[in-house]
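Okay, structure03.csv now, which holds CSV, C-alpha atoms:
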```csv
chain,number,residue,atom,x,y,z
A,1,MET,CA,40.1,0.5,67.0
A,2,SER,CA,36.7,-0.9,66.0
A,3,SER,CA,33.7,0.7,64.4
A,4,SER,CA,31.6,2.2,67.2
A,5,SER,CA,27.9,1.2,67.5
A,6,SER,CA,26.9,4.9,67.1
A,7,ASN,CA,28.5,5.1,63.7
A,8,ALA,CA,27.3,1.8,62.4
A,9,PRO,CA,24.0,3.1,61.0
A,10,SER,CA,25.8,6.0,59.3
A,11,LEU,CA,28.4,3.6,57.9
A,12,GLY,CA,25.7,1.3,56.5
A,13,GLU,CA,23.7,4.2,55.0
A,14,PHE,CA,26.9,5.5,53.3
A,15,LEU,CA,27.7,2.1,51.8
A,16,ARG,CA,24.1,1.8,50.5
A,17,THR,CA,24.3,5.1,48.7
A,18,ARG,CA,27.7,4.3,47.3
A,19,ARG,CA,26.4,0.9,46.0
A,20,ALA,CA,23.4,2.6,44.4
A,21,ALA,CA,25.7,5.1,42.6
A,22,VAL,CA,27.9,2.4,40.9
A,23,THR,CA,26.2,1.1,37.8
A,24,PRO,CA,26.9,-2.4,36.4
A,25,GLU,CA,28.6,-0.7,33.4
A,26,LEU,CA,30.9,1.3,35.6
A,27,ALA,CA,31.8,-1.9,37.4
A,28,GLY,CA,32.4,-3.8,34.2
A,29,LEU,CA,29.4,-6.0,34.7
A,30,PRO,CA,26.6,-6.8,32.1
A,31,PRO,CA,23.6,-4.7,32.8
A,32,GLY,CA,21.1,-7.5,32.7
A,33,ARG,CA,17.4,-7.2,31.8
A,34,ARG,CA,15.6,-7.4,35.2
A,35,ARG,CA,17.5,-5.3,37.7
A,36,ARG,CA,15.3,-3.9,40.4
A,37,THR,CA,18.2,-2.5,42.4
A,38,PRO,CA,19.7,0.8,41.4
A,39,GLY,CA,23.4,0.3,41.0
A,40,LEU,CA,25.0,-3.0,42.2
A,41,ARG,CA,23.5,-5.8,44.1
A,42,ARG,CA,24.9,-6.6,47.6
A,43,GLU,CA,26.2,-9.9,46.4
A,44,GLU,CA,28.0,-8.2,43.5
A,45,VAL,CA,29.7,-5.8,45.9
A,46,ALA,CA,30.7,-8.6,48.2
A,47,THR,CA,32.2,-10.6,45.3
A,48,ARG,CA,34.1,-7.5,44.1
A,49,ALA,CA,35.4,-6.9,47.6
A,50,SER,CA,36.3,-10.6,48.2
A,51,MET,CA,34.0,-11.0,51.2
A,52,GLY,CA,30.9,-12.9,52.2
A,53,THR,CA,27.5,-11.5,51.2
A,54,ALA,CA,26.1,-12.1,54.7
A,55,TRP,CA,28.9,-10.2,56.3
A,56,TYR,CA,28.6,-7.3,53.9
A,57,THR,CA,24.8,-7.2,54.4
A,58,ALA,CA,25.3,-7.0,58.1
A,59,LEU,CA,27.6,-4.1,57.6
A,60,GLU,CA,25.3,-2.3,55.3
A,61,GLN,CA,22.3,-2.9,57.7
A,62,GLY,CA,24.2,-1.0,60.4
A,63,ARG,CA,24.9,-3.9,62.7
A,64,ASN,CA,27.9,-3.4,65.0
A,65,VAL,CA,30.4,-5.4,63.0
A,66,GLN,CA,34.1,-4.5,63.0
A,67,PRO,CA,35.6,-4.1,59.5
A,68,SER,CA,39.3,-4.4,59.3
A,69,ASP,CA,41.5,-1.9,57.4
A,70,GLN,CA,41.8,-4.5,54.6
A,71,ALA,CA,38.1,-4.9,54.4
A,72,LEU,CA,37.6,-1.1,54.2
A,73,ALA,CA,40.2,-0.9,51.4
A,74,CYS,CA,38.5,-3.7,49.5
A,75,LEU,CA,35.1,-1.9,49.8
A,76,ALA,CA,36.5,1.4,48.7
A,77,ARG,CA,37.9,-0.3,45.5
A,78,ALA,CA,34.8,-2.3,44.9
A,79,LEU,CA,32.6,0.8,45.1
A,80,LEU,CA,34.9,2.9,43.0
A,81,MET,CA,35.2,5.5,45.8
A,82,THR,CA,37.1,8.8,45.4
A,83,GLU,CA,39.9,9.6,47.8
A,84,THR,CA,37.5,11.8,49.8
A,85,GLU,CA,34.8,9.1,49.9
A,86,ARG,CA,37.5,6.6,51.0
A,87,GLU,CA,38.6,8.8,53.9
A,88,HIS,CA,35.0,9.3,54.9
A,89,LEU,CA,34.5,5.5,54.9
A,90,TYR,CA,37.4,5.0,57.3
A,91,ALA,CA,36.2,7.8,59.5
A,92,LEU,CA,32.8,6.3,59.9
A,93,ALA,CA,34.5,3.0,60.7
A,94,GLY,CA,36.5,4.7,63.4
A,95,ARG,CA,39.9,4.0,61.7
A,96,PRO,CA,42.6,6.3,60.3
A,97,ALA,CA,42.6,6.3,56.6
A,98,PRO,CA,45.9,5.5,54.8
A,99,PRO,CA,47.6,8.6,53.3
A,100,ARG,CA,46.7,9.6,49.8
A,101,ALA,CA,49.1,8.7,47.1
A,102,ILE,CA,51.8,11.3,46.6
A,103,ASP,CA,51.2,13.6,43.7
A,104,ASN,CA,54.5,14.3,41.9
A,105,GLY,CA,53.3,17.6,40.8
A,106,SER,CA,53.7,16.8,37.1
A,107,THR,CA,50.8,19.1,36.3
A,108,ILE,CA,50.6,22.3,38.4
A,109,ASN,CA,47.3,24.0,38.4
A,110,PRO,CA,47.7,27.3,36.5
A,111,ILE,CA,45.7,29.1,39.2
A,112,LEU,CA,48.4,28.0,41.7
A,113,GLN,CA,51.2,29.4,39.5
A,114,ARG,CA,49.3,32.6,39.1
A,115,LEU,CA,49.0,32.9,42.9
A,116,LEU,CA,52.7,32.3,43.2
A,117,ASP,CA,53.5,35.0,40.7
A,118,ARG,CA,51.1,37.5,42.4
A,119,MET,CA,53.0,37.0,45.7
A,120,GLU,CA,55.9,39.0,44.2
A,121,PRO,CA,58.0,40.6,45.6
A,122,ASP,CA,57.7,38.0,48.4
A,123,PRO,CA,59.1,34.6,47.8
A,124,ALA,CA,56.7,31.6,47.5
A,125,TYR,CA,57.0,28.1,46.3
A,126,VAL,CA,55.2,24.7,46.3
A,127,MET,CA,56.9,21.7,47.9
A,128,ASP,CA,55.7,18.2,47.4
A,129,ALA,CA,55.8,15.3,49.9
A,130,TYR,CA,59.4,14.5,49.0
A,131,TRP,CA,60.3,18.2,49.7
A,132,GLU,CA,61.0,18.8,46.1
A,133,VAL,CA,60.2,22.3,45.0
A,134,ILE,CA,57.8,21.9,42.1
A,135,ALA,CA,56.6,25.4,41.4
A,136,TRP,CA,57.9,28.8,42.5
A,137,ASN,CA,57.9,32.5,41.7
A,138,ARG,CA,60.9,34.7,40.6
A,139,ALA,CA,61.6,36.0,44.1
A,140,ALA,CA,61.9,32.4,45.4
A,141,ALA,CA,64.1,31.4,42.5
A,142,GLN,CA,66.5,34.2,43.4
A,143,LEU,CA,66.5,33.8,47.2
A,144,PHE,CA,66.8,30.0,47.2
A,145,ASP,CA,68.7,29.5,43.9
A,146,ILE,CA,66.0,27.0,42.9
A,147,GLU,CA,67.0,26.9,39.2
A,148,ARG,CA,70.5,25.8,39.8
A,149,THR,CA,71.5,22.4,38.3
A,150,GLY,CA,74.2,19.8,38.8
A,151,ASP,CA,73.3,18.5,42.3
A,152,LYS,CA,71.9,15.0,43.0
A,153,HIS,CA,68.6,16.6,44.2
A,154,PRO,CA,68.9,20.1,42.8
A,155,ARG,CA,65.4,21.2,43.9
A,156,ASN,CA,65.1,19.4,47.2
A,157,LYS,CA,64.9,21.7,50.2
A,158,LEU,CA,66.5,19.1,52.6
A,159,TRP,CA,69.3,18.6,50.1
A,160,TRP,CA,69.9,22.4,50.0
A,161,VAL,CA,70.1,22.6,53.7
A,162,PHE,CA,72.2,19.6,54.5
A,163,THR,CA,74.6,19.5,51.6
A,164,GLN,CA,75.1,23.2,50.8
A,165,LYS,CA,74.0,25.0,54.0
A,166,ARG,CA,72.9,27.9,51.9
A,167,ILE,CA,70.3,30.5,52.9
A,168,GLU,CA,70.5,30.4,56.7
A,169,THR,CA,72.6,33.2,58.2
A,170,HIS,CA,74.3,32.0,61.4
A,171,GLU,CA,75.5,28.6,62.4
A,172,ALA,CA,73.3,28.6,65.5
A,173,ASP,CA,70.3,29.6,63.5
A,174,TRP,CA,71.1,27.0,60.9
A,175,LEU,CA,71.3,24.2,63.4
A,176,ARG,CA,68.1,25.1,65.1
A,177,SER,CA,66.3,25.4,61.7
A,178,ALA,CA,67.9,22.1,60.5
A,179,ARG,CA,66.6,20.3,63.6
A,180,THR,CA,63.1,21.6,63.1
A,181,LEU,CA,63.1,20.6,59.4
A,182,VAL,CA,64.2,17.1,60.2
A,183,SER,CA,61.5,16.7,62.8
A,184,ILE,CA,58.9,17.9,60.4
A,185,PHE,CA,60.2,15.7,57.6
A,186,ARG,CA,60.2,12.6,59.8
A,187,SER,CA,56.5,13.1,60.7
A,188,GLN,CA,55.6,13.3,57.0
A,189,ALA,CA,58.0,10.6,55.8
A,190,THR,CA,56.5,8.1,58.2
A,191,ARG,CA,53.2,8.3,56.4
A,192,TYR,CA,54.9,7.1,53.2
A,193,ALA,CA,57.2,4.6,54.8
A,194,GLY,CA,56.7,2.1,52.0
A,195,ASP,CA,57.4,4.6,49.2
A,196,PRO,CA,60.7,3.7,47.5
A,197,ARG,CA,61.4,7.2,46.4
A,198,MET,CA,61.0,8.4,49.9
A,199,ARG,CA,63.3,5.7,51.2
A,200,GLN,CA,65.9,6.6,48.6
A,201,LEU,CA,65.9,10.3,49.6
A,202,ILE,CA,66.4,9.4,53.2
A,203,ASP,CA,69.3,7.1,52.4
A,204,ASP,CA,70.9,9.7,50.2
A,205,LEU,CA,70.7,12.3,53.0
A,206,LEU,CA,72.0,9.9,55.6
A,207,GLU,CA,75.0,9.2,53.4
A,208,ALA,CA,75.6,12.8,52.4
A,209,SER,CA,75.3,14.6,55.7
A,210,ASP,CA,76.7,13.7,59.2
A,211,VAL,CA,74.4,16.4,60.7
A,212,PHE,CA,71.3,15.0,59.1
A,213,ARG,CA,72.3,11.5,60.3
A,214,GLU,CA,72.7,12.8,63.9
A,215,LEU,CA,69.4,14.7,63.8
A,216,TRP,CA,67.5,11.8,62.2
A,217,ALA,CA,68.6,9.6,65.0
A,218,GLU,CA,67.0,11.9,67.6
A,219,GLN,CA,63.6,10.6,66.5
A,220,ASP,CA,61.9,14.0,67.1
A,221,VAL,CA,58.7,14.8,65.2
A,222,LEU,CA,56.9,18.1,64.6
A,223,ASP,CA,54.0,19.3,62.4
A,224,LEU,CA,54.4,22.1,59.9
A,225,GLY,CA,54.0,25.5,61.4
A,226,SER,CA,54.6,29.2,60.9
A,227,GLY,CA,57.5,31.2,62.3
A,228,ARG,CA,60.2,33.7,61.6
A,229,LYS,CA,63.8,33.2,60.4
A,230,SER,CA,66.7,35.3,59.2
A,231,MET,CA,68.1,34.6,55.8
A,232,GLN,CA,70.9,35.9,53.6
A,233,LEU,CA,69.8,37.7,50.4
A,234,PRO,CA,71.6,37.3,47.1
A,235,ASP,CA,73.4,40.6,47.7
A,236,GLY,CA,74.9,39.3,50.9
A,237,SER,CA,72.6,41.3,53.3
A,238,ASN,CA,70.4,39.7,55.9
A,239,ARG,CA,66.7,40.0,56.2
A,240,GLU,CA,64.0,38.5,58.5
A,241,PHE,CA,61.1,36.7,57.0
A,242,ASP,CA,57.8,35.4,58.5
A,243,TYR,CA,57.0,32.1,56.8
A,244,LEU,CA,53.7,30.3,56.5
A,245,PRO,CA,53.0,26.8,55.1
A,246,LEU,CA,49.6,26.1,53.6
A,247,ARG,CA,48.3,22.7,52.6
A,248,ILE,CA,47.1,22.2,49.0
A,249,PRO,CA,44.1,19.9,48.7
A,250,ASP,CA,44.7,19.1,45.0
A,251,LEU,CA,48.2,17.9,45.7
A,252,PRO,CA,48.4,15.3,48.5
A,253,GLY,CA,51.4,15.8,50.7
A,254,ALA,CA,52.3,19.1,49.1
A,255,CYS,CA,52.3,22.6,50.7
A,256,LEU,CA,52.6,26.2,49.6
A,257,MET,CA,55.4,28.0,51.4
A,258,ILE,CA,55.0,31.8,51.7
A,259,TYR,CA,57.8,34.1,53.0
A,260,LEU,CA,56.8,37.6,54.0
A,261,GLY,CA,59.6,40.1,54.4
A,262,VAL,CA,59.6,41.8,57.8
A,263,GLU,CA,59.9,45.5,57.5
```

Mind converting the file's structure to structure tokens?
Amino acid sequence: MSSSSSNAPSLGEFLRTRRAAVTPELAGLPPGRRRRTPGLRREEVATRASMGTAWYTALEQGRNVQPSDQALACLARALLMTETEREHLYALAGRPAPPRAIDNGSTINPILQRLLDRMEPDPAYVMDAYWEVIAWNRAAAQLFDIERTGDKHPRNKLWWVFTQKRIETHEADWLRSARTLVSIFRSQATRYAGDPRMRQLIDDLLEASDVFRELWAEQDVLDLGSGRKSMQLPDGSNREFDYLPLRIPDLPGACLMIYLGVE
């Protein structure tokens, strides 16, 4: 897909404003005594992005040129763009932006943990792009046995499902739920195909579970969605829950999973 002519002026204007916002000091360049241009010069951006000055000038002037994904990535780095600015740059160029880097959740926003705690008595947890549960409330810890240790991936939801088969009540429900989970996971994992940790998780699941291997081979894909499922409580009784996944902008690839008990 190429940059459309209708977006070319907007793309050029966006590049001009980003160039003006990057001072020589921020770019690691000497400030110089006679700089008439706020921010960087066009030739400085072109050099930092490893491209010709004439080509960059044409792009900034809104001509109908066709920047490649590599050129856009170089421009985003050269102009010190944030993740949001980078995604906007790709959108203006008519190209899908690469996924944001996975956040491993090493620092959970305290507000998010407070939200989880206030969901009590309903279970809620945060799951990262690797499907690792990285934050939870007490109700979720009890229902999903999150704090157990000793497994290869003790807090990974897929590992729970395919190596322990805990939580789901009936085999028919379990298989339907498992198929849905694998389809959702595949659609997400594809975005991080080059990530070694993601590849290792998939390899571990393929080795550990015949069912995962069969479902993975089906090549089905789904997006995250809400629904209802029956689960077994710690006391052995069964209860239905409505579940809802919510994206978390501060944690790329992560989602908040909320389970509301059905009365």

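In this structure, CA of Gly194 (chain A) sits 13.4 Å away from CA of Ala129 (chain A).
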
Exercise. Counting all atoms listed in the file, what is within 12 Å of region 24-26 of chain A, bar same-chain residues fewer than 4 positions away, as a PyMOL selection string?
Worked result: chain A and resi 19-20+30-33+35+37-41+44-45+48+78-81

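In this model, the gap between CA of Ser177 (chain A) and CA of Pro154 (chain A) comes to 19.8 Å.
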
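Between CA of Met119 (chain A) and CA of Glu263 (chain A) there is a distance of 16.1 Å.
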
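Between Ala178 (chain A) and the candidates A:Tyr130, A:Trp159, A:Trp136, A:Tyr125, the tightest atom-to-atom separation, counting all atoms listed in the file, involves A:Trp159.
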
Exercise. With distances taken over all atoms listed in the file, which of A:Met127, A:Leu75, A:Ala97, A:Ala54 is nearest to Leu246 (chain A)?
Worked result: A:Met127

Problem set entry | Residue among A:Ser226, A:Ser68, A:Asn238, A:Thr82 lying closest to Tyr259 (chain A), counting only C-alpha atoms | A:Ser226

For this session: Counting all atoms listed in the file, find the residues whose atoms lie at most 12 Å from (37.4, -11.8, 48.6) (file coordinates) and write them out as a PyMOL selection string.
Result: chain A and resi 43-53+55-56+70-71+73-75+77-78

Problem set entry | Polymer residues at most 12 Å from Phe144 (chain A), all atoms listed in the file, same-chain spacing of 4 or more positions, as a VMD selection string | chain A and resid 123 to 125 133 136 to 140 148 154 to 157 160 to 161 164 to 168 231 to 234 259

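Polymer residues near (20.9, -0.7, 51.9): counting only C-alpha atoms with a cut-off of 10 Å, they are A:Gly12, A:Glu13, A:Phe14, A:Leu15, A:Arg16, A:Thr17, A:Arg18, A:Arg19, A:Ala20, A:Arg41, A:Arg42, A:Thr57, A:Ala58, A:Leu59, A:Glu60, A:Gln61, A:Gly62.
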
Dump of C-alpha atoms for the selected residues, as a PDB file, keeping the file's coordinate frame:
```pdb
ATOM      1  CA  GLY A  12      25.700   1.300  56.500  1.00  0.00           C
ATOM      2  CA  GLU A  13      23.700   4.200  55.000  1.00  0.00           C
ATOM      3  CA  PHE A  14      26.900   5.500  53.300  1.00  0.00           C
ATOM      4  CA  LEU A  15      27.700   2.100  51.800  1.00  0.00           C
ATOM      5  CA  ARG A  16      24.100   1.800  50.500  1.00  0.00           C
ATOM      6  CA  THR A  17      24.300   5.100  48.700  1.00  0.00           C
ATOM      7  CA  ARG A  18      27.700   4.300  47.300  1.00  0.00           C
ATOM      8  CA  ARG A  19      26.400   0.900  46.000  1.00  0.00           C
ATOM      9  CA  ALA A  20      23.400   2.600  44.400  1.00  0.00           C
ATOM     10  CA  ARG A  41      23.500  -5.800  44.100  1.00  0.00           C
ATOM     11  CA  ARG A  42      24.900  -6.600  47.600  1.00  0.00           C
ATOM     12  CA  THR A  57      24.800  -7.200  54.400  1.00  0.00           C
ATOM     13  CA  ALA A  58      25.300  -7.000  58.100  1.00  0.00           C
ATOM     14  CA  LEU A  59      27.600  -4.100  57.600  1.00  0.00           C
ATOM     15  CA  GLU A  60      25.300  -2.300  55.300  1.00  0.00           C
ATOM     16  CA  GLN A  61      22.300  -2.900  57.700  1.00  0.00           C
ATOM     17  CA  GLY A  62      24.200  -1.000  60.400  1.00  0.00           C
TER      18      GLY A  62
END
```

Problem set entry | Within 12 Å of Asn109 (chain A) using all atoms listed in the file, minus same-chain residues under 3 positions, as a ChimeraX atom specification | /A:105-106,112-116,126,134-135,248-251

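Comparing A:Gln200, A:Ser230, A:Thr190, A:Thr149 by their smallest distance to Gly253 (chain A), the closest is A:Thr190 (using only C-alpha atoms).
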
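Each of A:Cys255, A:Leu181, A:Leu175, A:Leu11 was compared to Leu89 (chain A) using all atoms listed in the file, and A:Leu11 turns out to be the nearest.
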
Mind dumping a table of every region 6-70 of chain A residue within 8 Å of region 90-96 of chain A, with the nearest atom pair and its distance in Å to one decimal, using all atoms listed in the file, sorted by chain and rising number, as CSV?
```
residue,atom,partner,partner_atom,distance
A:Asn7,CA,A:Leu92,CA,5.9
A:Ala8,CA,A:Ala93,CA,7.5
A:Ser10,CA,A:Leu92,CA,7.0
A:Leu11,CA,A:Leu92,CA,5.5
A:Gln66,CA,A:Ala93,CA,7.9
A:Pro67,CA,A:Ala93,CA,7.3
A:Asp69,CA,A:Arg95,CA,7.5
```

For this session: Pick out the residues sitting within 7 Å of region 206-223 of chain A, and hand them over as a ChimeraX atom specification; count only C-alpha atoms, and ignore anything fewer than 6 positions along from it in its own chain.
Result: /A:162-163,179,182-184,186-187

For this session: Using all atoms listed in the file, determine which residues lie at most 12 Å from Ala193 (chain A), disregarding the query and same-chain residues fewer than 2 positions distant; provide the list as a VMD selection string.
Result: chain A and resid 98 to 99 101 to 102 129 to 130 185 to 191 195 to 202

For this session: Tell me which of A:Pro245, A:Pro9, A:Pro110, A:Pro121 sits closest to Met257 (chain A), counting only C-alpha atoms.
Result: A:Pro245
